[in-house]
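> Contents are PDB, C-alpha atoms (C1' of nucleotides); file name entry_7.pdb:
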ATOM      1  CA  MET A 464      77.050 122.520 167.811
ATOM      2  CA  SER A 465      76.102 125.955 169.018
ATOM      3  CA  ALA A 466      74.410 124.090 171.855
ATOM      4  CA  PHE A 467      77.939 122.939 172.617
ATOM      5  CA  GLU A 468      79.241 126.492 172.504
ATOM      6  CA  GLN A 469      76.486 127.523 174.877
ATOM      7  CA  ALA A 470      77.278 124.630 177.225
ATOM      8  CA  CYS A 471      80.932 125.663 177.266
ATOM      9  CA  ARG A 472      80.049 129.243 178.110
ATOM     10  CA  ASP A 473      77.745 128.058 180.888
ATOM     11  CA  ALA A 474      80.528 125.914 182.269
ATOM     12  CA  GLY A 475      83.103 128.694 182.004
ATOM     13  CA  LEU A 476      85.080 126.796 179.394
ATOM     14  CA  LYS A 477      86.774 128.795 176.686
ATOM     15  CA  LEU A 478      85.940 128.074 173.076
ATOM     16  CA  THR A 479      89.359 127.103 171.846
ATOM     17  CA  HIS A 480      90.059 125.737 168.429
ATOM     18  CA  GLN A 481      91.297 122.426 169.865
ATOM     19  CA  ARG A 482      88.266 122.010 172.115
ATOM     20  CA  LEU A 483      85.861 122.638 169.261
ATOM     21  CA  GLU A 484      87.634 120.222 166.953
ATOM     22  CA  ILE A 485      87.835 117.456 169.537
ATOM     23  CA  PHE A 486      84.148 117.787 170.253
ATOM     24  CA  ARG A 487      83.295 117.905 166.550
ATOM     25  CA  GLU A 488      85.257 114.716 165.961
ATOM     26  CA  LEU A 489      83.239 113.030 168.719
ATOM     27  CA  VAL A 490      79.985 114.213 167.176
ATOM     28  CA  LEU A 491      80.952 112.612 163.870
ATOM     29  CA  ALA A 492      82.422 109.413 165.333
ATOM     30  CA  THR A 493      80.105 106.446 165.735
ATOM     31  CA  ASP A 494      82.775 104.083 167.034
ATOM     32  CA  HIS A 495      83.426 105.382 170.568
ATOM     33  CA  PRO A 496      87.054 106.302 169.935
ATOM     34  CA  ALA A 497      89.937 106.187 172.391
ATOM     35  CA  ALA A 498      92.019 109.295 173.118
ATOM     36  CA  GLU A 499      94.784 108.079 170.853
ATOM     37  CA  THR A 500      92.339 107.401 168.020
ATOM     38  CA  LEU A 501      91.051 110.949 168.218
ATOM     39  CA  TYR A 502      94.624 112.169 168.295
ATOM     40  CA  HIS A 503      95.501 110.453 165.027
ATOM     41  CA  ARG A 504      92.317 111.590 163.329
ATOM     42  CA  LEU A 505      92.751 115.204 164.362
ATOM     43  CA  LYS A 506      96.499 115.399 163.832
ATOM     44  CA  LYS A 507      95.923 115.576 160.077
ATOM     45  CA  HIS A 508      94.154 118.901 160.308
ATOM     46  CA  LEU A 509      95.746 120.157 163.533
ATOM     47  CA  PRO A 510      99.401 119.107 163.304
ATOM     48  CA  THR A 511     100.436 120.918 166.490
ATOM     49  CA  LEU A 512      97.737 119.307 168.642
ATOM     50  CA  SER A 513      99.150 117.346 171.544
ATOM     51  CA  LEU A 514      97.846 114.158 173.106
ATOM     52  CA  ASP A 515      97.789 115.786 176.545
ATOM     53  CA  THR A 516      95.292 118.310 175.298
ATOM     54  CA  ILE A 517      93.060 115.499 174.126
ATOM     55  CA  TYR A 518      93.214 113.881 177.565
ATOM     56  CA  ARG A 519      92.611 117.172 179.338
ATOM     57  CA  THR A 520      89.762 118.098 177.053
ATOM     58  CA  LEU A 521      88.074 114.721 177.364
ATOM     59  CA  ALA A 522      88.338 114.873 181.154
ATOM     60  CA  SER A 523      86.929 118.361 181.178
ATOM     61  CA  LEU A 524      84.036 117.574 178.826
ATOM     62  CA  GLU A 525      83.255 114.506 180.889
ATOM     63  CA  ARG A 526      83.254 116.533 184.095
ATOM     64  CA  HIS A 527      80.666 118.840 182.560
ATOM     65  CA  GLY A 528      78.494 115.984 181.370
ATOM     66  CA  LEU A 529      78.939 116.617 177.647
ATOM     67  CA  ILE A 530      80.587 113.290 176.924
ATOM     68  CA  SER A 531      80.926 110.023 178.800
ATOM     69  CA  ARG A 532      83.306 107.171 179.249
ATOM     70  CA  VAL A 533      82.244 103.808 177.872
ATOM     71  CA  TYR A 534      82.387 100.634 179.977
ATOM     72  CA  THR A 535      85.082  98.380 178.566
ATOM     73  CA  THR A 536      87.395  95.504 179.525
ATOM     74  CA  GLN A 537      90.369  97.072 177.764
ATOM     75  CA  SER A 538      92.944  99.333 179.373
ATOM     76  CA  GLN A 539      92.322 102.173 176.923
ATOM     77  CA  ALA A 540      89.405 104.444 177.830
ATOM     78  CA  ARG A 541      86.817 105.093 175.134
ATOM     79  CA  PHE A 542      84.399 107.987 174.820
ATOM     80  CA  GLU A 543      81.029 108.912 173.383
ATOM     81  CA  LEU A 544      78.764 111.906 173.216
ATOM     82  CA  GLU A 545      76.179 112.086 175.969
ATOM     83  CA  ARG A 546      73.177 111.289 173.770
ATOM     84  CA  ARG A 547      69.702 109.960 174.416
ATOM     85  CA  LEU A 548      69.378 106.631 176.236
ATOM     86  CA  HIS A 549      70.924 103.875 174.173
ATOM     87  CA  HIS A 550      72.612 100.493 174.443
ATOM     88  CA  HIS A 551      75.775  98.886 173.114
ATOM     89  CA  LEU A 552      76.687  96.102 170.739
ATOM     90  CA  ILE A 553      80.257  94.917 171.302
ATOM     91  CA  CYS A 554      82.137  92.613 168.954
ATOM     92  CA  SER A 555      84.227  90.165 170.989
ATOM     93  CA  ASN A 556      86.682  89.885 168.120
ATOM     94  CA  CYS A 557      87.455  93.433 166.970
ATOM     95  CA  SER A 558      85.939  95.154 170.055
ATOM     96  CA  GLU A 559      84.038  97.633 167.925
ATOM     97  CA  ILE A 560      81.233  99.291 169.889
ATOM     98  CA  ILE A 561      77.989 100.302 168.158
ATOM     99  CA  ASP A 562      74.874 101.961 169.592
ATOM    100  CA  PHE A 563      71.370 100.606 169.375
ATOM    101  CA  TYR A 564      67.978 101.608 170.725
ATOM    102  CA  TRP A 565      65.428  99.452 172.516
ATOM    103  CA  GLU A 566      62.511 101.437 173.783
ATOM    104  CA  SER A 567      60.401  98.567 175.027
ATOM    105  CA  PHE A 568      63.260  97.617 177.307
ATOM    106  CA  ASP A 569      63.723 101.208 178.460
ATOM    107  CA  GLN A 570      60.091 101.317 179.535
ATOM    108  CA  SER A 571      60.128  97.952 181.298
ATOM    109  CA  SER A 572      60.702  97.810 185.024
ATOM    110  CA  LEU A 573      63.441  96.044 186.928
ATOM    111  CA  PRO A 574      62.928  93.147 189.363
ATOM    112  CA  GLU A 575      61.421  94.612 192.567
ATOM    113  CA  ASN A 576      64.093  93.204 194.854
ATOM    114  CA  LEU A 577      66.588  95.715 193.433
ATOM    115  CA  ASN A 578      65.018  98.370 195.654
ATOM    116  CA  ALA A 579      66.848  96.734 198.527
ATOM    117  CA  TRP A 580      70.134  97.617 196.844
ATOM    118  CA  GLY A 581      69.668 101.381 196.627
ATOM    119  CA  LYS A 582      68.446 104.043 194.224
ATOM    120  CA  VAL A 583      68.509 103.110 190.542
ATOM    121  CA  LYS A 584      69.308 105.875 188.080
ATOM    122  CA  ARG A 585      69.813 104.167 184.741
ATOM    123  CA  LYS A 586      69.786 100.737 183.124
ATOM    124  CA  ASN A 587      71.736  99.709 180.033
ATOM    125  CA  VAL A 588      72.009  96.602 177.936
ATOM    126  CA  THR A 589      75.273  95.347 176.497
ATOM    127  CA  VAL A 590      75.051  92.784 173.744
ATOM    128  CA  HIS A 591      78.137  90.712 173.013
ATOM    129  CA  GLY A 592      78.739  88.771 169.843
ATOM    130  CA  LEU A 593      80.499  88.895 166.511
ATOM    131  CA  CYS A 594      79.900  91.727 164.087
ATOM    132  CA  ARG A 595      79.226  90.968 160.434
ATOM    133  CA  LYS A 596      82.730  91.994 159.373
ATOM    134  CA  CYS A 597      84.339  89.507 161.760
ATOM    135  CA  LEU A 598      81.865  86.767 160.814
ATOM    136  CA  LYS A 599      82.796  87.268 157.157
ATOM    137  CA  LYS A 600      86.502  87.224 157.872
ATOM    138  CA  ASN A 601      85.758  83.904 159.560
ATOM    139  CA  THR A 602      87.930  85.008 162.454
ATOM    140  CA  PRO A 603      86.623  83.168 165.478
ATOM    141  CA  ASP A 604      87.143  84.810 168.851
ATOM    142  CA  PRO A 605      90.587  84.434 170.410
ATOM    143  CA  ALA A 606      91.100  81.222 172.414
TER
ATOM    144  CA  MET B 900      86.572  73.344 193.808
ATOM    145  CA  SER B 901      87.621  69.947 192.538
ATOM    146  CA  ALA B 902      85.869  71.017 189.335
ATOM    147  CA  PHE B 903      88.519  73.716 189.281
ATOM    148  CA  GLU B 904      91.290  71.164 189.796
ATOM    149  CA  GLN B 905      89.862  69.131 186.936
ATOM    150  CA  ALA B 906      89.676  72.207 184.708
ATOM    151  CA  CYS B 907      93.322  72.970 185.457
ATOM    152  CA  ARG B 908      94.375  69.447 184.583
ATOM    153  CA  ASP B 909      92.388  69.627 181.338
ATOM    154  CA  ALA B 910      94.090  72.882 180.483
ATOM    155  CA  GLY B 911      97.535  71.607 181.385
ATOM    156  CA  LEU B 912      97.843  74.055 184.267
ATOM    157  CA  LYS B 913      99.741  72.949 187.332
ATOM    158  CA  LEU B 914      97.958  72.965 190.653
ATOM    159  CA  THR B 915     100.171  75.337 192.560
ATOM    160  CA  HIS B 916      99.432  76.637 195.987
ATOM    161  CA  GLN B 917      99.222  80.228 194.734
ATOM    162  CA  ARG B 918      96.881  79.319 191.886
ATOM    163  CA  LEU B 919      94.523  77.470 194.203
ATOM    164  CA  GLU B 920      94.453  80.290 196.737
ATOM    165  CA  ILE B 921      93.846  82.984 194.132
ATOM    166  CA  PHE B 922      90.972  81.011 192.686
ATOM    167  CA  ARG B 923      89.547  80.293 196.139
ATOM    168  CA  GLU B 924      89.614  83.977 196.988
ATOM    169  CA  LEU B 925      87.648  84.696 193.817
ATOM    170  CA  VAL B 926      85.096  82.040 194.694
ATOM    171  CA  LEU B 927      84.519  83.691 198.057
ATOM    172  CA  ALA B 928      84.569  87.282 196.807
ATOM    173  CA  THR B 929      81.268  88.867 195.817
ATOM    174  CA  ASP B 930      82.711  92.277 195.003
ATOM    175  CA  HIS B 931      84.588  91.665 191.744
ATOM    176  CA  PRO B 932      88.014  92.486 193.147
ATOM    177  CA  ALA B 933      90.932  94.082 191.328
ATOM    178  CA  ALA B 934      94.327  92.352 191.197
ATOM    179  CA  GLU B 935      95.662  94.584 193.923
ATOM    180  CA  THR B 936      92.669  93.873 196.164
ATOM    181  CA  LEU B 937      93.272  90.136 195.847
ATOM    182  CA  TYR B 938      96.919  90.747 196.583
ATOM    183  CA  HIS B 939      96.205  92.474 199.872
ATOM    184  CA  ARG B 940      93.660  89.875 200.912
ATOM    185  CA  LEU B 941      95.948  86.935 200.135
ATOM    186  CA  LYS B 942      99.147  88.485 201.452
ATOM    187  CA  LYS B 943      97.964  87.815 205.005
ATOM    188  CA  HIS B 944      98.055  84.064 204.532
ATOM    189  CA  LEU B 945     100.684  83.886 201.775
ATOM    190  CA  PRO B 946     103.279  86.502 202.727
ATOM    191  CA  THR B 947     105.660  85.608 199.903
ATOM    192  CA  LEU B 948     103.024  85.919 197.174
ATOM    193  CA  SER B 949     103.891  88.506 194.557
ATOM    194  CA  LEU B 950     101.608  90.806 192.622
ATOM    195  CA  ASP B 951     103.019  89.550 189.317
ATOM    196  CA  THR B 952     101.822  86.089 190.132
ATOM    197  CA  ILE B 953      98.331  87.456 190.688
ATOM    198  CA  TYR B 954      98.398  89.149 187.301
ATOM    199  CA  ARG B 955      99.815  86.096 185.568
ATOM    200  CA  THR B 956      97.332  83.792 187.241
ATOM    201  CA  LEU B 957      94.358  86.001 186.445
ATOM    202  CA  ALA B 958      95.431  86.214 182.795
ATOM    203  CA  SER B 959      95.849  82.479 182.635
ATOM    204  CA  LEU B 960      92.519  81.687 184.290
ATOM    205  CA  GLU B 961      90.823  84.162 181.986
ATOM    206  CA  ARG B 962      92.436  82.587 178.927
ATOM    207  CA  HIS B 963      90.987  79.254 179.985
ATOM    208  CA  GLY B 964      87.525  80.670 180.588
ATOM    209  CA  LEU B 965      87.464  80.084 184.342
ATOM    210  CA  ILE B 966      87.153  83.739 185.260
ATOM    211  CA  SER B 967      86.286  86.879 183.374
ATOM    212  CA  ARG B 968      87.090  90.545 183.314
ATOM    213  CA  VAL B 969      84.320  92.925 184.287
ATOM    214  CA  TYR B 970      83.374  95.892 182.098
ATOM    215  CA  THR B 971      84.330  99.074 183.910
ATOM    216  CA  THR B 972      85.164 102.737 183.284
ATOM    217  CA  GLN B 973      88.106 102.653 185.683
ATOM    218  CA  SER B 974      91.691 101.921 184.766
ATOM    219  CA  GLN B 975      92.007  99.003 187.193
ATOM    220  CA  ALA B 976      90.762  95.696 185.819
ATOM    221  CA  ARG B 977      88.289  93.767 187.960
ATOM    222  CA  PHE B 978      87.522  90.065 187.897
ATOM    223  CA  GLU B 979      84.766  87.583 188.642
ATOM    224  CA  LEU B 980      84.182  83.876 188.452
ATOM    225  CA  GLU B 981      82.604  82.669 185.233
ATOM    226  CA  ARG B 982      79.190  81.835 186.745
ATOM    227  CA  ARG B 983      75.687  81.443 185.407
ATOM    228  CA  LEU B 984      74.199  84.351 183.449
ATOM    229  CA  HIS B 985      73.853  87.390 185.668
ATOM    230  CA  HIS B 986      73.779  91.177 185.578
ATOM    231  CA  HIS B 987      75.500  94.002 187.432
ATOM    232  CA  LEU B 988      74.515  96.755 189.805
ATOM    233  CA  ILE B 989      77.133  99.505 189.926
ATOM    234  CA  CYS B 990      77.227 102.286 192.490
ATOM    235  CA  SER B 991      78.273 105.527 190.801
ATOM    236  CA  ASN B 992      79.697 106.757 194.072
ATOM    237  CA  CYS B 993      81.792 103.926 195.517
ATOM    238  CA  SER B 994      81.902 101.875 192.272
ATOM    239  CA  GLU B 995      81.002  98.679 194.108
ATOM    240  CA  ILE B 996      79.755  96.009 191.696
ATOM    241  CA  ILE B 997      77.090  93.524 192.787
ATOM    242  CA  ASP B 998      75.459  90.688 190.836
ATOM    243  CA  PHE B 999      71.756  90.240 190.292
ATOM    244  CA  TYR B1000      69.564  87.848 188.358
ATOM    245  CA  TRP B1001      66.706  88.660 185.996
ATOM    246  CA  GLU B1002      65.362  85.604 184.294
ATOM    247  CA  SER B1003      62.432  87.212 182.520
ATOM    248  CA  PHE B1004      64.920  89.504 180.796
ATOM    249  CA  ASP B1005      67.217  86.601 179.938
ATOM    250  CA  GLN B1006      64.337  84.857 178.196
ATOM    251  CA  SER B1007      63.141  87.937 176.309
ATOM    252  CA  SER B1008      64.311  88.504 172.763
ATOM    253  CA  LEU B1009      66.229  91.441 171.362
ATOM    254  CA  PRO B1010      64.913  93.877 168.732
ATOM    255  CA  GLU B1011      64.916  92.035 165.385
ATOM    256  CA  ASN B1012      67.019  94.612 163.582
ATOM    257  CA  LEU B1013      70.063  93.497 165.594
ATOM    258  CA  ASN B1014      70.406  90.531 163.249
ATOM    259  CA  ALA B1015      71.789  92.959 160.708
ATOM    260  CA  TRP B1016      74.715  93.645 163.033
ATOM    261  CA  GLY B1017      76.044  90.097 163.355
ATOM    262  CA  LYS B1018      75.738  87.069 165.619
ATOM    263  CA  VAL B1019      74.631  87.742 169.183
ATOM    264  CA  LYS B1020      76.111  85.554 171.886
ATOM    265  CA  ARG B1021      75.085  87.139 175.165
ATOM    266  CA  LYS B1022      73.152  90.068 176.563
ATOM    267  CA  ASN B1023      73.748  91.744 179.904
ATOM    268  CA  VAL B1024      72.125  94.508 181.868
ATOM    269  CA  THR B1025      74.077  97.066 183.855
ATOM    270  CA  VAL B1026      72.141  99.089 186.390
ATOM    271  CA  HIS B1027      73.687 102.319 187.617
ATOM    272  CA  GLY B1028      72.670 104.144 190.753
ATOM    273  CA  LEU B1029      73.581 104.678 194.357
ATOM    274  CA  CYS B1030      73.917 101.782 196.751
ATOM    275  CA  ARG B1031      72.263 101.946 200.151
ATOM    276  CA  LYS B1032      75.535 102.603 201.953
ATOM    277  CA  CYS B1033      76.247 105.677 199.816
ATOM    278  CA  LEU B1034      72.663 106.899 200.122
ATOM    279  CA  LYS B1035      72.961 106.694 203.918
ATOM    280  CA  LYS B1036      76.279 108.466 203.966
ATOM    281  CA  ASN B1037      74.444 111.185 202.069
ATOM    282  CA  THR B1038      77.397 111.363 199.713
ATOM    283  CA  PRO B1039      76.052 112.588 196.404
ATOM    284  CA  ASP B1040      77.929 111.518 193.277
ATOM    285  CA  PRO B1041      81.087 113.458 192.478
ATOM    286  CA  ALA B1042      80.539 116.688 190.486
TER
ATOM    287  C1'  DC C 231     114.042  65.170 184.935
ATOM    288  C1'  DT C 232     111.484  68.648 182.343
ATOM    289  C1'  DA C 233     108.222  72.045 181.654
ATOM    290  C1'  DT C 234     105.658  75.334 184.041
ATOM    291  C1'  DG C 235     105.190  78.604 187.486
ATOM    292  C1'  DT C 236     107.280  81.862 190.775
ATOM    293  C1'  DG C 237     109.496  86.146 192.684
ATOM    294  C1'  DC C 238     112.251  90.003 191.705
ATOM    295  C1'  DA C 239     113.328  94.021 189.199
ATOM    296  C1'  DA C 240     112.895  96.577 185.206
ATOM    297  C1'  DA C 241     110.260  97.974 181.293
ATOM    298  C1'  DG C 242     105.776  99.119 179.012
ATOM    299  C1'  DC C 243     101.710 101.643 178.078
ATOM    300  C1'  DG C 244      97.881 104.732 178.853
ATOM    301  C1'  DT C 245      97.101 108.662 181.451
ATOM    302  C1'  DT C 246      98.073 112.740 184.504
ATOM    303  C1'  DT C 247     100.636 116.733 186.083
ATOM    304  C1'  DG C 248     103.996 120.914 186.712
ATOM    305  C1'  DC C 249     105.661 124.407 184.119
ATOM    306  C1'  DG C 250     106.139 128.429 181.180
ATOM    307  C1'  DA C 251     104.195 130.291 176.971
ATOM    308  C1'  DC C 252      99.863 131.335 174.536
ATOM    309  C1'  DG C 253      95.236 132.977 173.488
ATOM    310  C1'  DG C 254      90.049 133.795 174.543
ATOM    311  C1'  DT C 255      87.200 137.025 176.861
TER
ATOM    312  C1'  DA D  65      95.227 142.237 181.471
ATOM    313  C1'  DC D  66      93.571 138.027 183.417
ATOM    314  C1'  DC D  67      92.553 133.367 183.823
ATOM    315  C1'  DG D  68      91.978 129.313 181.398
ATOM    316  C1'  DT D  69      94.382 126.408 178.114
ATOM    317  C1'  DC D  70      98.188 124.523 175.385
ATOM    318  C1'  DG D  71     102.412 121.927 174.335
ATOM    319  C1'  DC D  72     106.372 119.872 176.255
ATOM    320  C1'  DA D  73     108.561 116.668 179.195
ATOM    321  C1'  DA D  74     108.648 114.235 183.195
ATOM    322  C1'  DA D  75     105.996 111.481 186.530
ATOM    323  C1'  DC D  76     102.442 108.238 187.670
ATOM    324  C1'  DG D  77      99.698 103.854 188.271
ATOM    325  C1'  DC D  78      98.456  99.556 186.539
ATOM    326  C1'  DT D  79     100.113  95.804 184.029
ATOM    327  C1'  DT D  80     103.529  92.960 181.493
ATOM    328  C1'  DT D  81     108.028  90.903 180.696
ATOM    329  C1'  DG D  82     113.045  88.831 181.049
ATOM    330  C1'  DC D  83     115.576  86.348 183.961
ATOM    331  C1'  DA D  84     117.105  82.718 187.337
ATOM    332  C1'  DC D  85     115.407  79.737 190.833
ATOM    333  C1'  DA D  86     111.800  76.634 192.595
ATOM    334  C1'  DT D  87     108.277  73.150 192.087
ATOM    335  C1'  DA D  88     104.482  70.044 190.133
ATOM    336  C1'  DG D  89     103.892  66.224 187.235
TER
END
As structure tokens, what does this structure read like?


Amino acid sequence: MSAFEQACRDAGLKLTHQRLEIFRELVLATDHPAAETLYHRLKKHLPTLSLDTIYRTLASLERHGLISRVYTTQSQARFELERRLHHHLICSNCSEIIDFYWESFDQSSLPENLNAWGKVKRKNVTVHGLCRKCLKKNTPDPA
Amino acid sequence: MSAFEQACRDAGLKLTHQRLEIFRELVLATDHPAAETLYHRLKKHLPTLSLDTIYRTLASLERHGLISRVYTTQSQARFELERRLHHHLICSNCSEIIDFYWESFDQSSLPENLNAWGKVKRKNVTVHGLCRKCLKKNTPDPA
DNA sequence: CTATGTGCAAAGCGTTTGCGACGGT
DNA sequence: ACCGTCGCAAACGCTTTGCACATAG
């Protein structure tokens, strides 16, 4: 967390109460929350917090590489801390997103013909399926 | 294409001119176009076509499993034909999305501990980097 | 002939922005 | 005291919806 404070100072960002709380909520969250989700969670302890501040803060933290936007098919953007290389499990029913690690994949190399495309920076796996909760509820995917 | 006509009949969808043209454009497209992109491309040959029809048609084709929505961090939704298993290359600069194939990955198995999560249906790789065009233009990624 | 699909215009929803007040540094 | 940030409200962009007419089956 004080690494966060240092990063803010380096970036010229002020250490406001709101900023700290929004970041702290993201540290604790494992579910890649949307802006609105964060808003509802934080509103309990910060009743005057506004949704705009959440949006502005998320954009600013993203710009400075402290958090990142998650790839999704939904219209709502979702966010996560910029952590070590990881991959995502996505439930097609409840659209929960969970991290997992797969080091043997990380160390493997891509097909050679990708060099023709350009310069590769990162590779990520997304696994789709049904999480245990949704399997139990016996709720098959929509349509 | 007549497979498409058959699929429409099976789904109880009428074979309208607009529907056929929108689907045909998606068959030809390799760049995972957004609704608006399709609109501009089709407008040339179908001047009376409306954007709402594009949206409605895309939603309907998606519901029937003929096309799918691509995972993205942008607010605009992008679409592709439901083809054989493939993976995506995404340029962080121009956000172009290109398909690639990687059969040795497709045949590999996931870490065993994922069974604890639920039932896996599909796994996809997303490669991020800079495409050749953007490398040439010497346009480094934003910020 | 009937149900579905279309085009138009208006509404919806998530997100962004201009403004004046506020608060770190 | 200064510049970044906040909350408010209004605007924005992408997408969806209600309605009346048109069209495929």

> May I ask which of the residues B:Leu919, B:Leu950, B:Ala976, B:Cys1030 is the closest one to chain C, counting only C-alpha atoms (C1' of nucleotides)?

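Of B:Leu919, B:Leu950, B:Ala976, B:Cys1030, the one nearest chain C, counting only C-alpha atoms (C1' of nucleotides), is B:Leu950.
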
> Can you show chain B as a compact mmCIF listing (two decimals) with C-alpha atoms, in the coordinates of the input once it has been least-squares superposed onto chain A, using every C-alpha atom paired in order?


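Printed below is selection-v1.txt as written:
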# COMPACT_ATOMS: atom_id res chain seq x y z
CA MET B 900 76.99 122.56 167.89
CA SER B 901 76.05 125.99 169.15
CA ALA B 902 74.40 124.09 172.00
CA PHE B 903 77.93 122.94 172.73
CA GLU B 904 79.23 126.52 172.63
CA GLN B 905 76.48 127.52 175.03
CA ALA B 906 77.30 124.62 177.35
CA CYS B 907 80.95 125.68 177.38
CA ARG B 908 80.04 129.25 178.24
CA ASP B 909 77.76 128.02 181.03
CA ALA B 910 80.58 125.91 182.39
CA GLY B 911 83.13 128.68 182.12
CA LEU B 912 85.11 126.79 179.49
CA LYS B 913 86.85 128.79 176.81
CA LEU B 914 85.99 128.08 173.20
CA THR B 915 89.38 127.11 171.91
CA HIS B 916 90.04 125.76 168.48
CA GLN B 917 91.28 122.44 169.87
CA ARG B 918 88.27 122.02 172.14
CA LEU B 919 85.84 122.65 169.31
CA GLU B 920 87.60 120.24 166.97
CA ILE B 921 87.81 117.46 169.55
CA PHE B 922 84.13 117.80 170.29
CA ARG B 923 83.26 117.92 166.59
CA GLU B 924 85.20 114.73 165.98
CA LEU B 925 83.21 113.04 168.74
CA VAL B 926 79.95 114.23 167.23
CA LEU B 927 80.89 112.65 163.91
CA ALA B 928 82.36 109.45 165.35
CA THR B 929 80.06 106.46 165.76
CA ASP B 930 82.73 104.09 167.03
CA HIS B 931 83.41 105.37 170.56
CA PRO B 932 87.02 106.31 169.90
CA ALA B 933 89.92 106.18 172.35
CA ALA B 934 92.01 109.29 173.05
CA GLU B 935 94.75 108.06 170.77
CA THR B 936 92.28 107.39 167.95
CA LEU B 937 91.00 110.96 168.17
CA TYR B 938 94.57 112.16 168.20
CA HIS B 939 95.42 110.44 164.94
CA ARG B 940 92.23 111.59 163.27
CA LEU B 941 92.67 115.22 164.32
CA LYS B 942 96.41 115.41 163.75
CA LYS B 943 95.79 115.60 160.00
CA HIS B 944 94.03 118.93 160.27
CA LEU B 945 95.66 120.20 163.47
CA PRO B 946 99.30 119.14 163.20
CA THR B 947 100.37 120.92 166.38
CA LEU B 948 97.70 119.30 168.55
CA SER B 949 99.13 117.31 171.43
CA LEU B 950 97.85 114.12 173.00
CA ASP B 951 97.81 115.75 176.45
CA THR B 952 95.33 118.28 175.22
CA ILE B 953 93.07 115.47 174.06
CA TYR B 954 93.24 113.86 177.49
CA ARG B 955 92.69 117.14 179.29
CA THR B 956 89.81 118.08 177.03
CA LEU B 957 88.12 114.71 177.35
CA ALA B 958 88.41 114.86 181.14
CA SER B 959 87.00 118.35 181.17
CA LEU B 960 84.09 117.56 178.85
CA GLU B 961 83.32 114.48 180.91
CA ARG B 962 83.36 116.50 184.14
CA HIS B 963 80.77 118.81 182.63
CA GLY B 964 78.57 115.96 181.43
CA LEU B 965 79.00 116.62 177.71
CA ILE B 966 80.62 113.28 176.96
CA SER B 967 80.96 110.02 178.81
CA ARG B 968 83.35 107.16 179.24
CA VAL B 969 82.27 103.81 177.87
CA TYR B 970 82.40 100.65 180.00
CA THR B 971 85.07 98.37 178.59
CA THR B 972 87.37 95.50 179.57
CA GLN B 973 90.35 97.05 177.80
CA SER B 974 92.91 99.33 179.37
CA GLN B 975 92.31 102.16 176.89
CA ALA B 976 89.42 104.44 177.80
CA ARG B 977 86.82 105.08 175.11
CA PHE B 978 84.42 107.99 174.81
CA GLU B 979 81.03 108.92 173.40
CA LEU B 980 78.76 111.91 173.26
CA GLU B 981 76.20 112.10 176.03
CA ARG B 982 73.17 111.30 173.83
CA ARG B 983 69.70 109.95 174.43
CA LEU B 984 69.38 106.60 176.21
CA HIS B 985 70.95 103.86 174.14
CA HIS B 986 72.63 100.47 174.43
CA HIS B 987 75.80 98.87 173.12
CA LEU B 988 76.71 96.08 170.75
CA ILE B 989 80.28 94.88 171.31
CA CYS B 990 82.17 92.58 168.97
CA SER B 991 84.24 90.13 171.02
CA ASN B 992 86.70 89.86 168.16
CA CYS B 993 87.47 93.40 167.00
CA SER B 994 85.96 95.12 170.09
CA GLU B 995 84.06 97.60 167.93
CA ILE B 996 81.26 99.27 169.89
CA ILE B 997 78.02 100.26 168.16
CA ASP B 998 74.90 101.92 169.59
CA PHE B 999 71.40 100.56 169.37
CA TYR B 1000 68.00 101.56 170.69
CA TRP B 1001 65.45 99.41 172.48
CA GLU B 1002 62.52 101.40 173.71
CA SER B 1003 60.39 98.53 174.96
CA PHE B 1004 63.26 97.60 177.27
CA ASP B 1005 63.71 101.20 178.40
CA GLN B 1006 60.07 101.32 179.44
CA SER B 1007 60.09 97.96 181.22
CA SER B 1008 60.66 97.85 184.96
CA LEU B 1009 63.40 96.09 186.87
CA PRO B 1010 62.87 93.21 189.32
CA GLU B 1011 61.35 94.70 192.50
CA ASN B 1012 64.00 93.33 194.82
CA LEU B 1013 66.50 95.82 193.39
CA ASN B 1014 64.95 98.50 195.58
CA ALA B 1015 66.76 96.89 198.48
CA TRP B 1016 70.07 97.76 196.82
CA GLY B 1017 69.62 101.52 196.57
CA LYS B 1018 68.40 104.15 194.12
CA VAL B 1019 68.47 103.19 190.45
CA LYS B 1020 69.27 105.94 187.97
CA ARG B 1021 69.78 104.20 184.65
CA LYS B 1022 69.76 100.77 183.07
CA ASN B 1023 71.73 99.71 180.01
CA VAL B 1024 72.01 96.60 177.92
CA THR B 1025 75.29 95.34 176.51
CA VAL B 1026 75.07 92.76 173.76
CA HIS B 1027 78.16 90.68 173.05
CA GLY B 1028 78.76 88.73 169.88
CA LEU B 1029 80.52 88.84 166.56
CA CYS B 1030 79.94 91.66 164.12
CA ARG B 1031 79.27 90.89 160.48
CA LYS B 1032 82.76 91.92 159.40
CA CYS B 1033 84.37 89.45 161.80
CA LEU B 1034 81.92 86.70 160.86
CA LYS B 1035 82.84 87.19 157.20
CA LYS B 1036 86.53 87.18 157.90
CA ASN B 1037 85.84 83.84 159.55
CA THR B 1038 88.00 84.96 162.45
CA PRO B 1039 86.74 83.11 165.49
CA ASP B 1040 87.24 84.79 168.86
CA PRO B 1041 90.70 84.52 170.38
CA ALA B 1042 91.34 81.33 172.40

> Evaluate the PyMOL selection byres ((chain D) within 10 of (chain A)) against this structure - the residues, as a list of chain:residue names, please.

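Applying the PyMOL selection byres ((chain D) within 10 of (chain A)) to the structure shown produces D:DG68, D:DT69, D:DC70, D:DG71, D:DC72, D:DC78, D:DT79.
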
> Nearest residue to chain B out of A:Arg541, A:Arg472, A:His495, A:His508, using all atoms listed in the file?

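Among the listed residues, the smallest separation from chain B belongs to A:Arg541.
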